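Chemist: Structure in structure tokens, see below.
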Amino acid sequence: MTDNDPIAAAEMAPWLGLALGKTEAGRREITERALPLSRSARNLLFSIDTQRSAGQWLELVRGSGPAELRQLLAAGLIKPAAGGSATAAAGPLLAAAATAATSTNTPAAEAAEVGAPIARARLSLGEALQAQSYRLLYDRLTAEARQQLGLIKGYKLILDIEKCAGSPELRILALHFVDQVRQAKGDAEARALAQRLVSPG
């Protein structure tokens, strides 16, 4: 298990006690390997099932952590099991996230205060993005890139947009883009951007 992103740990804390299973898209991804997942995220996707909590799987799958869990959820590759509820102790990761969250004046502490709402919003954004066509999302991301990130970072994002091979990759990039804006400009700007990305065409 890796835990080098305290903000990701705080955001994912509400999910760690849940049993998560693969979606149909997740099962397809195992065979098609269409998305640019890291090796650790792909290993987590391959392994995860509803027999253990998400936190327990992060302990078992080497190299995986909250960031990989967040990526799989955002891409719609895993979801809570039907009727799933929090299980006993999600392991040391949950305790570590809780400890980090109680420290004052840290990004993790700030994120922990709104951890559950952010996690729910992230999943909702991922679901909303699935309703957008490739062309519409492509156009909106391209239009927003320089305006939100400036000339250099915006240009880099546009290059990354051009490299996307299909809608799943573009949706993951959109989620990262919203994260970038949140870190640079705050939650209000990130929410406004997300709304523009998912509004009807």
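Going by the structure tokens order, chains are called A, B, ..., each with residues numbered from 1, while ligands are numbered from 1 in the order shown.
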Give me the residues near segment 38-47 of chain A as a list in words, where near means some atom within 7 Å (using only C-alpha atoms) and where sequence neighbours in that chain fewer than 5 positions away do not count.

Modeler: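 Listing them by chain and then by number gives Ile30, Val61, Gly63, Ser64 and Glu68 of chain A.
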
Chemist: With a distance cut-off of 10 Å and only C-alpha atoms, select the neighbouring residues of Trp57 of chain A, excluding the residue or stretch itself and same-chain residues fewer than 6 positions from it, and output the selection as number ranges by chain.

Modeler: A: 1, 16, 19-20, 44-45, 47-51, 64-65, 69, 90-91

Chemist: Keeping only N, CA and C atoms, write those residues as a compact mmCIF listing (two decimals), in the first residue's frame.

Modeler:
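selection36.txt, written as the output of this step:
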```
# COMPACT_ATOMS: atom_id res chain seq x y z
N MET A 1 0.84 -1.19 0.00
CA MET A 1 0.00 0.00 0.00
C MET A 1 0.88 1.24 0.00
N LEU A 16 -13.09 3.54 2.22
CA LEU A 16 -12.19 2.45 2.60
C LEU A 16 -12.89 1.30 3.31
N ALA A 19 -17.25 -2.45 0.67
CA ALA A 19 -16.94 -3.52 -0.28
C ALA A 19 -17.24 -3.00 -1.68
N LEU A 20 -16.25 -3.02 -2.54
CA LEU A 20 -16.40 -2.52 -3.90
C LEU A 20 -16.21 -3.66 -4.90
N LEU A 44 -4.85 -3.32 -8.87
CA LEU A 44 -5.96 -3.18 -7.93
C LEU A 44 -7.28 -3.53 -8.60
N LEU A 45 -7.48 -3.07 -9.82
CA LEU A 45 -8.71 -3.41 -10.56
C LEU A 45 -8.83 -4.92 -10.74
N SER A 47 -7.64 -7.27 -8.92
CA SER A 47 -7.80 -8.00 -7.66
C SER A 47 -9.10 -7.72 -6.94
N ILE A 48 -9.57 -6.49 -6.99
CA ILE A 48 -10.64 -6.06 -6.08
C ILE A 48 -11.94 -6.83 -6.32
N ASP A 49 -12.58 -7.23 -5.23
CA ASP A 49 -13.91 -7.81 -5.29
C ASP A 49 -14.60 -7.53 -3.97
N THR A 50 -15.82 -8.01 -3.81
CA THR A 50 -16.63 -7.65 -2.65
C THR A 50 -16.33 -8.51 -1.43
N GLN A 51 -15.34 -9.38 -1.50
CA GLN A 51 -15.02 -10.23 -0.36
C GLN A 51 -14.28 -9.49 0.74
N SER A 64 -0.50 -0.06 -4.34
CA SER A 64 -1.77 0.65 -4.50
C SER A 64 -2.04 1.54 -3.30
N GLY A 65 -2.81 2.61 -3.53
CA GLY A 65 -3.16 3.53 -2.46
C GLY A 65 -4.42 4.29 -2.81
N LEU A 69 -7.33 4.03 -6.01
CA LEU A 69 -8.75 3.78 -5.74
C LEU A 69 -9.61 4.89 -6.34
N ALA A 90 -10.93 -0.79 8.13
CA ALA A 90 -10.38 -0.87 6.79
C ALA A 90 -8.87 -0.97 6.84
N GLY A 91 -8.29 -1.19 8.01
CA GLY A 91 -6.86 -1.39 8.12
C GLY A 91 -6.11 -0.11 8.46
```

Chemist: Let me make sure I understand: among A:Ala128, A:Val181, A:Thr23, A:Ala34, which one has the smallest atom-to-atom distance to Gly154 of chain A if we use only C-alpha atoms?

Modeler: A:Val181

Chemist: Please list as a list in words every residue within 9 Å of segment 188-193 of chain A, counting only C-alpha atoms and excluding residues in the same chain fewer than 6 positions away.

Modeler: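 Listed by chain and then number, they are Glu144, Gln148, Phe177, Val178, Asp179, Gln180, Val181 and Arg182 of chain A.
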
Chemist: Within 12 Å of His176 of chain A, counting only C-alpha atoms, which residues show up once you throw out same-chain ones fewer than 4 positions away? Write them as a PyMOL selection string, please.

Modeler: chain A and resi 67+70-71+74-75+122+125-126+141+145+157+160-161+169-172+180-183+190+193-194

Chemist: Which of these residues is nearest to Leu173 of chain A, using only C-alpha atoms: A:Arg27, A:Lys156, A:Lys22, A:Arg196?

Modeler: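 Ranking A:Arg27, A:Lys156, A:Lys22, A:Arg196 by distance to Leu173 of chain A, first place goes to A:Lys156.
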
Chemist: Please provide the set of residues having any atom within 12 Å of Asp139 of chain A, restricted to only C-alpha atoms, with same-chain residues fewer than 3 positions apart removed, written as a VMD selection string.

Modeler: chain A and resid 132 to 136 142 to 145 158 161 to 162 170 174 196 to 198 201

Chemist: Could the residues in this selection be written to a file with N, CA and C atoms, as a JSON list (two decimals), in the first residue's frame?

Modeler:
```json
[["chain", "number", "residue", "atom", "x", "y", "z"],
["A", 132, "GLN", "N", -21.62, 12.71, -21.53],
["A", 132, "GLN", "CA", -21.18, 13.66, -22.55],
["A", 132, "GLN", "C", -20.53, 12.94, -23.73],
["A", 133, "SER", "N", -20.79, 13.45, -24.91],
["A", 133, "SER", "CA", -20.15, 12.87, -26.10],
["A", 133, "SER", "C", -18.68, 13.25, -26.12],
["A", 134, "TYR", "N", -17.90, 12.49, -26.84],
["A", 134, "TYR", "CA", -16.47, 12.77, -26.96],
["A", 134, "TYR", "C", -16.26, 14.17, -27.51],
["A", 135, "ARG", "N", -16.96, 14.52, -28.59],
["A", 135, "ARG", "CA", -16.76, 15.80, -29.26],
["A", 135, "ARG", "C", -17.10, 16.97, -28.34],
["A", 136, "LEU", "N", -18.22, 16.87, -27.62],
["A", 136, "LEU", "CA", -18.63, 17.96, -26.74],
["A", 136, "LEU", "C", -17.63, 18.16, -25.62],
["A", 142, "THR", "N", -10.91, 21.86, -24.35],
["A", 142, "THR", "CA", -9.99, 22.69, -25.13],
["A", 142, "THR", "C", -10.26, 24.17, -24.89],
["A", 143, "ALA", "N", -11.54, 24.54, -24.81],
["A", 143, "ALA", "CA", -11.91, 25.94, -24.61],
["A", 143, "ALA", "C", -11.51, 26.43, -23.22],
["A", 144, "GLU", "N", -11.54, 25.55, -22.23],
["A", 144, "GLU", "CA", -11.29, 25.95, -20.84],
["A", 144, "GLU", "C", -9.81, 25.90, -20.47],
["A", 145, "ALA", "N", -9.01, 25.16, -21.21],
["A", 145, "ALA", "CA", -7.65, 24.83, -20.78],
["A", 145, "ALA", "C", -6.81, 26.07, -20.46],
["A", 158, "ILE", "N", -3.90, 20.80, -23.46],
["A", 158, "ILE", "CA", -4.43, 20.60, -24.82],
["A", 158, "ILE", "C", -3.67, 19.47, -25.52],
["A", 161, "ILE", "N", -5.05, 16.35, -24.20],
["A", 161, "ILE", "CA", -6.37, 16.11, -24.78],
["A", 161, "ILE", "C", -6.23, 15.45, -26.15],
["A", 162, "GLU", "N", -5.29, 15.94, -26.94],
["A", 162, "GLU", "CA", -5.08, 15.40, -28.28],
["A", 162, "GLU", "C", -4.62, 13.95, -28.25],
["A", 170, "LEU", "N", -10.60, 10.61, -22.03],
["A", 170, "LEU", "CA", -10.94, 12.02, -21.96],
["A", 170, "LEU", "C", -11.65, 12.34, -20.65],
["A", 174, "ALA", "N", -10.51, 14.91, -17.78],
["A", 174, "ALA", "CA", -11.40, 15.97, -17.28],
["A", 174, "ALA", "C", -11.41, 16.01, -15.76],
["A", 196, "ARG", "N", -19.81, 23.49, -16.04],
["A", 196, "ARG", "CA", -19.71, 23.83, -17.47],
["A", 196, "ARG", "C", -19.39, 22.60, -18.32],
["A", 197, "LEU", "N", -18.58, 21.71, -17.77],
["A", 197, "LEU", "CA", -18.19, 20.52, -18.53],
["A", 197, "LEU", "C", -19.35, 19.56, -18.73],
["A", 198, "VAL", "N", -20.26, 19.50, -17.76],
["A", 198, "VAL", "CA", -21.33, 18.49, -17.82],
["A", 198, "VAL", "C", -22.69, 19.07, -18.21],
["A", 201, "GLY", "N", -25.53, 20.00, -23.97],
["A", 201, "GLY", "CA", -24.98, 20.66, -25.14],
["A", 201, "GLY", "C", -25.94, 21.66, -25.75]]
```
